[in-house]
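Dumped coords_35.cif below, it's mmCIF, C-alpha atoms:
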```
data_upload
#
loop_
_atom_site.group_PDB
_atom_site.id
_atom_site.type_symbol
_atom_site.label_atom_id
_atom_site.label_comp_id
_atom_site.auth_asym_id
_atom_site.auth_seq_id
_atom_site.Cartn_x
_atom_site.Cartn_y
_atom_site.Cartn_z
ATOM 1 C CA MET A 1427 -83.464 -2.895 -163.968
ATOM 2 C CA PRO A 1428 -87.049 -1.552 -163.921
ATOM 3 C CA PRO A 1429 -88.759 -1.181 -160.541
ATOM 4 C CA SER A 1430 -90.849 -4.151 -159.515
ATOM 5 C CA PRO A 1431 -94.625 -3.676 -159.854
ATOM 6 C CA GLU A 1432 -95.192 -3.811 -156.096
ATOM 7 C CA ARG A 1433 -92.708 -0.964 -155.542
ATOM 8 C CA SER A 1434 -93.559 1.291 -158.440
ATOM 9 C CA PRO A 1435 -93.984 4.991 -157.690
ATOM 10 C CA ARG A 1436 -97.508 4.931 -159.116
ATOM 11 C CA ARG A 1437 -98.546 2.164 -156.680
ATOM 12 C CA LEU A 1438 -97.013 4.073 -153.793
ATOM 13 C CA VAL A 1439 -98.904 7.233 -154.735
ATOM 14 C CA ARG A 1440 -102.164 5.237 -154.997
ATOM 15 C CA HIS A 1441 -101.541 3.654 -151.601
ATOM 16 C CA VAL A 1442 -100.767 6.994 -149.925
ATOM 17 C CA SER A 1443 -103.748 8.642 -151.618
ATOM 18 C CA ARG A 1444 -106.093 5.842 -150.563
ATOM 19 C CA THR A 1445 -104.779 5.997 -146.990
ATOM 20 C CA LEU A 1446 -105.314 9.767 -146.838
ATOM 21 C CA TRP A 1447 -108.882 9.448 -148.215
ATOM 22 C CA LEU A 1448 -109.565 6.735 -145.643
ATOM 23 C CA ALA A 1449 -108.207 8.836 -142.758
ATOM 24 C CA LEU A 1450 -110.206 11.858 -143.903
ATOM 25 C CA GLY A 1451 -113.342 9.713 -144.212
ATOM 26 C CA LEU A 1452 -112.892 8.380 -140.685
ATOM 27 C CA LEU A 1453 -112.400 11.930 -139.361
ATOM 28 C CA PHE A 1454 -115.633 13.028 -141.076
ATOM 29 C CA VAL A 1455 -117.515 10.049 -139.585
ATOM 30 C CA VAL A 1456 -116.324 11.030 -136.107
ATOM 31 C CA LEU A 1457 -117.356 14.658 -136.690
ATOM 32 C CA GLY A 1458 -120.707 13.503 -138.065
ATOM 33 C CA PHE A 1459 -121.467 11.332 -135.051
ATOM 34 C CA ILE A 1460 -120.402 14.148 -132.718
ATOM 35 C CA GLY A 1461 -122.764 16.390 -134.676
ATOM 36 C CA ALA A 1462 -125.582 13.925 -134.045
ATOM 37 C CA LEU A 1463 -125.079 14.464 -130.320
ATOM 38 C CA VAL A 1464 -124.149 18.162 -130.102
ATOM 39 C CA PRO A 1465 -126.825 20.764 -130.873
ATOM 40 C CA LEU A 1466 -126.075 23.165 -133.754
ATOM 41 C CA MET A 1467 -123.190 21.038 -135.064
ATOM 42 C CA PRO A 1468 -124.045 19.579 -138.465
ATOM 43 C CA THR A 1469 -124.192 15.850 -139.010
ATOM 44 C CA THR A 1470 -125.244 15.114 -142.554
ATOM 45 C CA ILE A 1471 -122.635 17.209 -144.367
ATOM 46 C CA PHE A 1472 -119.833 15.403 -142.537
ATOM 47 C CA LEU A 1473 -121.353 12.028 -143.386
ATOM 48 C CA ILE A 1474 -121.782 13.050 -147.044
ATOM 49 C CA LEU A 1475 -118.105 14.016 -147.097
ATOM 50 C CA ALA A 1476 -117.192 10.729 -145.390
ATOM 51 C CA ALA A 1477 -119.126 8.735 -148.008
ATOM 52 C CA GLY A 1478 -117.246 10.589 -150.759
ATOM 53 C CA CYS A 1479 -113.908 9.843 -149.106
ATOM 54 C CA PHE A 1480 -114.816 6.190 -148.623
ATOM 55 C CA ALA A 1481 -115.855 5.937 -152.284
ATOM 56 C CA ARG A 1482 -112.204 6.705 -153.079
ATOM 57 C CA SER A 1483 -110.676 4.495 -150.411
ATOM 58 C CA SER A 1484 -112.913 1.769 -148.975
ATOM 59 C CA PRO A 1485 -115.990 0.410 -150.757
ATOM 60 C CA ARG A 1486 -116.739 -1.633 -147.629
ATOM 61 C CA LEU A 1487 -116.928 1.460 -145.393
ATOM 62 C CA GLU A 1488 -118.900 3.353 -148.038
ATOM 63 C CA ALA A 1489 -121.429 0.490 -148.144
ATOM 64 C CA TRP A 1490 -121.603 0.479 -144.330
ATOM 65 C CA LEU A 1491 -122.307 4.204 -144.240
ATOM 66 C CA LEU A 1492 -124.893 4.083 -147.050
ATOM 67 C CA GLY A 1493 -126.572 1.143 -145.338
ATOM 68 C CA HIS A 1494 -126.570 2.729 -141.871
ATOM 69 C CA PRO A 1495 -130.052 2.409 -140.329
ATOM 70 C CA ARG A 1496 -130.212 6.044 -139.183
ATOM 71 C CA PHE A 1497 -128.230 7.975 -141.802
ATOM 72 C CA GLY A 1498 -128.125 5.708 -144.855
ATOM 73 C CA GLN A 1499 -131.402 6.789 -146.461
ATOM 74 C CA THR A 1500 -130.481 10.475 -146.258
ATOM 75 C CA LEU A 1501 -127.027 9.834 -147.701
ATOM 76 C CA ARG A 1502 -128.376 7.691 -150.538
ATOM 77 C CA ALA A 1503 -130.983 10.354 -151.413
ATOM 78 C CA TRP A 1504 -128.221 12.950 -151.645
ATOM 79 C CA GLN A 1505 -125.900 10.670 -153.605
ATOM 80 C CA GLU A 1506 -128.536 9.497 -156.089
ATOM 81 C CA GLU A 1507 -130.695 12.604 -156.497
ATOM 82 C CA GLY A 1508 -129.011 15.546 -154.756
ATOM 83 C CA ALA A 1509 -132.163 15.563 -152.631
ATOM 84 C CA ILE A 1510 -132.828 16.794 -149.095
ATOM 85 C CA GLY A 1511 -135.978 15.809 -147.231
ATOM 86 C CA PRO A 1512 -138.400 18.468 -145.954
ATOM 87 C CA ARG A 1513 -137.722 17.722 -142.276
ATOM 88 C CA ALA A 1514 -133.965 17.975 -142.840
ATOM 89 C CA LYS A 1515 -134.453 21.301 -144.641
ATOM 90 C CA VAL A 1516 -136.407 22.719 -141.705
ATOM 91 C CA LEU A 1517 -133.862 21.467 -139.177
ATOM 92 C CA ALA A 1518 -130.916 22.766 -141.221
ATOM 93 C CA CYS A 1519 -132.442 26.211 -141.734
ATOM 94 C CA THR A 1520 -133.428 26.390 -138.058
ATOM 95 C CA GLY A 1521 -129.857 25.505 -137.100
ATOM 96 C CA ILE A 1522 -128.521 28.169 -139.447
ATOM 97 C CA ALA A 1523 -130.848 30.787 -137.956
ATOM 98 C CA LEU A 1524 -129.953 29.777 -134.394
ATOM 99 C CA GLY A 1525 -126.265 29.780 -135.281
ATOM 100 C CA TYR A 1526 -126.540 33.276 -136.719
ATOM 101 C CA GLY A 1527 -128.470 34.440 -133.644
ATOM 102 C CA LEU A 1528 -125.784 33.052 -131.326
ATOM 103 C CA PHE A 1529 -123.069 34.632 -133.472
ATOM 104 C CA TRP A 1530 -124.812 38.003 -133.405
ATOM 105 C CA TRP A 1531 -125.541 37.833 -129.666
ATOM 106 C CA GLY A 1532 -122.172 36.436 -128.572
ATOM 107 C CA ALA A 1533 -119.751 38.179 -130.925
ATOM 108 C CA ARG A 1534 -121.443 41.575 -131.187
ATOM 109 C CA PRO A 1535 -120.041 41.939 -134.701
ATOM 110 C CA GLY A 1536 -119.687 45.165 -136.585
ATOM 111 C CA LEU A 1537 -121.993 45.873 -139.504
ATOM 112 C CA ALA A 1538 -119.555 44.482 -142.099
ATOM 113 C CA ALA A 1539 -119.018 41.135 -140.314
ATOM 114 C CA GLU A 1540 -122.718 40.873 -139.467
ATOM 115 C CA THR A 1541 -123.637 41.413 -143.112
ATOM 116 C CA ILE A 1542 -121.021 39.047 -144.553
ATOM 117 C CA VAL A 1543 -121.855 36.217 -142.152
ATOM 118 C CA GLY A 1544 -125.578 36.807 -142.674
ATOM 119 C CA LEU A 1545 -125.222 36.673 -146.461
ATOM 120 C CA VAL A 1546 -123.109 33.505 -146.360
ATOM 121 C CA MET A 1547 -125.593 31.790 -144.042
ATOM 122 C CA ALA A 1548 -128.550 32.973 -146.128
ATOM 123 C CA GLY A 1549 -126.816 31.594 -149.227
ATOM 124 C CA CYS A 1550 -126.361 28.224 -147.500
ATOM 125 C CA ALA A 1551 -130.022 28.211 -146.454
ATOM 126 C CA ALA A 1552 -131.096 29.114 -150.013
ATOM 127 C CA PHE A 1553 -129.041 26.236 -151.397
ATOM 128 C CA ILE A 1554 -130.603 23.805 -148.925
ATOM 129 C CA VAL A 1555 -134.147 24.981 -149.662
ATOM 130 C CA SER A 1556 -133.537 24.803 -153.426
ATOM 131 C CA ARG A 1557 -132.686 21.068 -153.369
ATOM 132 C CA PRO A 1558 -135.446 18.700 -154.474
ATOM 133 C CA ALA A 1559 -137.220 16.398 -152.041
ATOM 134 C CA PRO A 1560 -136.332 12.707 -152.346
ATOM 135 C CA GLN A 1561 -138.566 10.723 -154.696
ATOM 136 C CA PRO A 1562 -140.508 7.803 -153.225
ATOM 137 C CA LYS A 1563 -138.777 4.490 -153.990
ATOM 138 C CA ASP A 1564 -141.650 3.264 -156.185
ATOM 139 C CA ALA A 1565 -141.457 6.461 -158.300
ATOM 140 C CA ARG A 1566 -137.808 5.893 -159.265
#
```
Would you mind writing the file's structure down as structure tokens?
Amino acid sequence: MPPSPERSPRRLVRHVSRTLWLALGLLFVVLGFIGALVPLMPTTIFLILAAGCFARSSPRLEAWLLGHPRFGQTLRAWQEEGAIGPRAKVLACTGIALGYGLFWWGARPGLAAETIVGLVMAGCAAFIVSRPAPQPKDAR
């Protein structure tokens, strides 16, 4: 007797996968909102990751996040255009520089660690700066 459709292994895998994406999305939302309150902890990257997780698990939560009055516009600009606004670029690069300064001051790293961390952070900053600015809505 073939397995019933509601108990098929494929359905079970889809259900488990969707549940894991949902849990991961909720974790990223929590981290993102913590980042909005804690200096030097990122916000937007966690919310971008949450939106991606919700796209795979909960269209309702994805719509809520993309429609959020504070973060929605930034997330939609990234999703639609891969764009980062000028103010966000300045804040992100300032946070990266401050983070590196705190790392250097607090950890007193050796030359190798100092160089590796500096290069990774500079690469992240270069990526951020290289993203286009969002297009005005009437120009789309």
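Checking A:Cys1479, A:Ala1538, A:Leu1473, A:Met1467 one by one against Leu1450 of chain A, counting all atoms listed in the file, you find the shortest gap at A:Cys1479.
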Step by step, gather every atom of segment 1474-1493 of chain A that the file lists, find the box along x, y and z that holds them, add 5 Å on each side, and finally give centre and edge lengths in Å to one decimal, as lines of an AutoDock Vina configuration file.
```
center_x = -118.6
center_y = 6.2
center_z = -148.7
size_x = 25.9
size_y = 25.6
size_z = 18.8
```
Which of A:Val1456, A:Leu1492, A:Met1547, A:Ile1522 sits closest to Glu1506 of chain A [using only C-alpha atoms]: A:Leu1492
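Here atom CA of Tyr1526 of chain A and atom CA of Ile1460 of chain A stand 20.5 Å from one another.
Restricting the calculation to all atoms listed in the file, the smallest distance between Trp1447 of chain A and any of A:Pro1485, A:Pro1560, A:Gly1493, A:Pro1435 is found for A:Pro1485.
Take the PyMOL selection byres ((chain A and resi 1453) around 12) and apply it to this file: it picks Leu1446, Trp1447, Leu1448, Ala1449, Leu1450, Gly1451, Leu1452, Phe1454, Val1455, Val1456, Leu1457, Gly1458, Phe1459, Ile1460, Phe1472, Leu1473, Leu1475, Ala1476, Ala1477, Cys1479 and Phe1480 of chain A.
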Closest of A:Arg1502, A:His1494, A:Ala1509, A:Val1464 to Gly1478 of chain A - atom-to-atom distances counting all atoms listed in the file: A:Arg1502
Residue list as a PyMOL selection string for point (-131.6, 10.2, -148.6), cut-off 12 Å, all atoms listed in the file: chain A and resi 1470+1473-1474+1491-1514+1557-1563
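Each of A:Gly1461, A:Ala1518, A:Gly1525, A:Ser1443 was compared to Ile1554 of chain A using only C-alpha atoms, and A:Ala1518 turns out to be the nearest.
If you measure from each of A:Arg1482, A:Ala1523, A:Val1546, A:Glu1540 to Arg1440 of chain A using all atoms listed in the file, the closest one turns out to be A:Arg1482.
Pairwise distance (atom CA of Ala1551 of chain A, atom CA of Leu1524 of chain A) equals 12.2 Å.
The two atoms in question, atom CA of Thr1469 of chain A and atom CA of Trp1490 of chain A, are spaced 16.5 Å apart.
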Would you mind putting back N, CA, C and O atoms on segment 1462-1485 of chain A, then writing it out as a short mmCIF file (atom, residue, chain, number, x, y, z; two decimals), keeping the file's coordinate frame?
```cif
data_model
loop_
_atom_site.label_atom_id
_atom_site.label_comp_id
_atom_site.auth_asym_id
_atom_site.auth_seq_id
_atom_site.Cartn_x
_atom_site.Cartn_y
_atom_site.Cartn_z
N ALA A 1462 -124.29 14.53 -134.38
CA ALA A 1462 -125.58 13.92 -134.04
C ALA A 1462 -125.90 14.11 -132.57
O ALA A 1462 -127.07 14.08 -132.18
N LEU A 1463 -124.88 14.32 -131.76
CA LEU A 1463 -125.08 14.46 -130.32
C LEU A 1463 -125.04 15.91 -129.83
O LEU A 1463 -125.61 16.22 -128.79
N VAL A 1464 -124.35 16.78 -130.54
CA VAL A 1464 -124.15 18.16 -130.10
C VAL A 1464 -125.08 19.09 -130.89
O VAL A 1464 -125.03 19.12 -132.12
N PRO A 1465 -125.92 19.84 -130.18
CA PRO A 1465 -126.82 20.76 -130.87
C PRO A 1465 -126.05 21.80 -131.70
O PRO A 1465 -124.97 22.23 -131.32
N LEU A 1466 -126.60 22.16 -132.83
CA LEU A 1466 -126.08 23.16 -133.75
C LEU A 1466 -124.83 22.73 -134.52
O LEU A 1466 -124.33 23.47 -135.34
N MET A 1467 -124.30 21.54 -134.25
CA MET A 1467 -123.19 21.04 -135.06
C MET A 1467 -123.79 20.14 -136.14
O MET A 1467 -124.57 19.25 -135.83
N PRO A 1468 -123.44 20.37 -137.39
CA PRO A 1468 -124.04 19.58 -138.46
C PRO A 1468 -123.61 18.12 -138.42
O PRO A 1468 -122.54 17.78 -137.94
N THR A 1469 -124.48 17.28 -138.94
CA THR A 1469 -124.19 15.85 -139.01
C THR A 1469 -124.07 15.40 -140.46
O THR A 1469 -123.06 14.84 -140.88
N THR A 1470 -125.12 15.68 -141.22
CA THR A 1470 -125.24 15.11 -142.55
C THR A 1470 -124.11 15.52 -143.48
O THR A 1470 -123.58 14.69 -144.22
N ILE A 1471 -123.69 16.78 -143.44
CA ILE A 1471 -122.64 17.21 -144.37
C ILE A 1471 -121.34 16.44 -144.11
O ILE A 1471 -120.64 16.04 -145.04
N PHE A 1472 -121.04 16.18 -142.84
CA PHE A 1472 -119.83 15.40 -142.54
C PHE A 1472 -119.97 13.97 -143.03
O PHE A 1472 -119.00 13.38 -143.52
N LEU A 1473 -121.16 13.40 -142.92
CA LEU A 1473 -121.35 12.03 -143.39
C LEU A 1473 -121.36 11.95 -144.91
O LEU A 1473 -120.90 10.97 -145.49
N ILE A 1474 -121.87 12.99 -145.58
CA ILE A 1474 -121.78 13.05 -147.04
C ILE A 1474 -120.32 13.10 -147.47
O ILE A 1474 -119.89 12.40 -148.40
N LEU A 1475 -119.53 13.93 -146.79
CA LEU A 1475 -118.10 14.02 -147.10
C LEU A 1475 -117.41 12.69 -146.82
O LEU A 1475 -116.55 12.25 -147.59
N ALA A 1476 -117.78 12.03 -145.72
CA ALA A 1476 -117.19 10.73 -145.39
C ALA A 1476 -117.50 9.71 -146.48
O ALA A 1476 -116.63 8.95 -146.89
N ALA A 1477 -118.75 9.68 -146.95
CA ALA A 1477 -119.13 8.74 -148.01
C ALA A 1477 -118.30 8.99 -149.27
O ALA A 1477 -117.85 8.04 -149.93
N GLY A 1478 -118.08 10.26 -149.60
CA GLY A 1478 -117.25 10.59 -150.76
C GLY A 1478 -115.80 10.12 -150.58
O GLY A 1478 -115.19 9.60 -151.52
N CYS A 1479 -115.28 10.30 -149.38
CA CYS A 1479 -113.91 9.84 -149.11
C CYS A 1479 -113.82 8.32 -149.17
O CYS A 1479 -112.86 7.77 -149.72
N PHE A 1480 -114.82 7.66 -148.61
CA PHE A 1480 -114.82 6.19 -148.62
C PHE A 1480 -115.00 5.64 -150.04
O PHE A 1480 -114.49 4.57 -150.35
N ALA A 1481 -115.71 6.37 -150.89
CA ALA A 1481 -115.86 5.94 -152.28
C ALA A 1481 -114.49 5.87 -152.97
O ALA A 1481 -114.30 5.08 -153.89
N ARG A 1482 -113.54 6.68 -152.50
CA ARG A 1482 -112.20 6.70 -153.08
C ARG A 1482 -111.21 5.80 -152.35
O ARG A 1482 -110.07 5.68 -152.76
N SER A 1483 -111.64 5.24 -151.20
CA SER A 1483 -110.68 4.50 -150.41
C SER A 1483 -111.17 3.13 -149.93
O SER A 1483 -110.37 2.20 -149.85
N SER A 1484 -112.44 3.01 -149.57
CA SER A 1484 -112.91 1.77 -148.98
C SER A 1484 -114.37 1.51 -149.34
O SER A 1484 -115.28 2.01 -148.67
N PRO A 1485 -114.61 0.73 -150.39
CA PRO A 1485 -115.99 0.41 -150.76
C PRO A 1485 -116.76 -0.24 -149.61
O PRO A 1485 -117.96 -0.02 -149.45
#
```
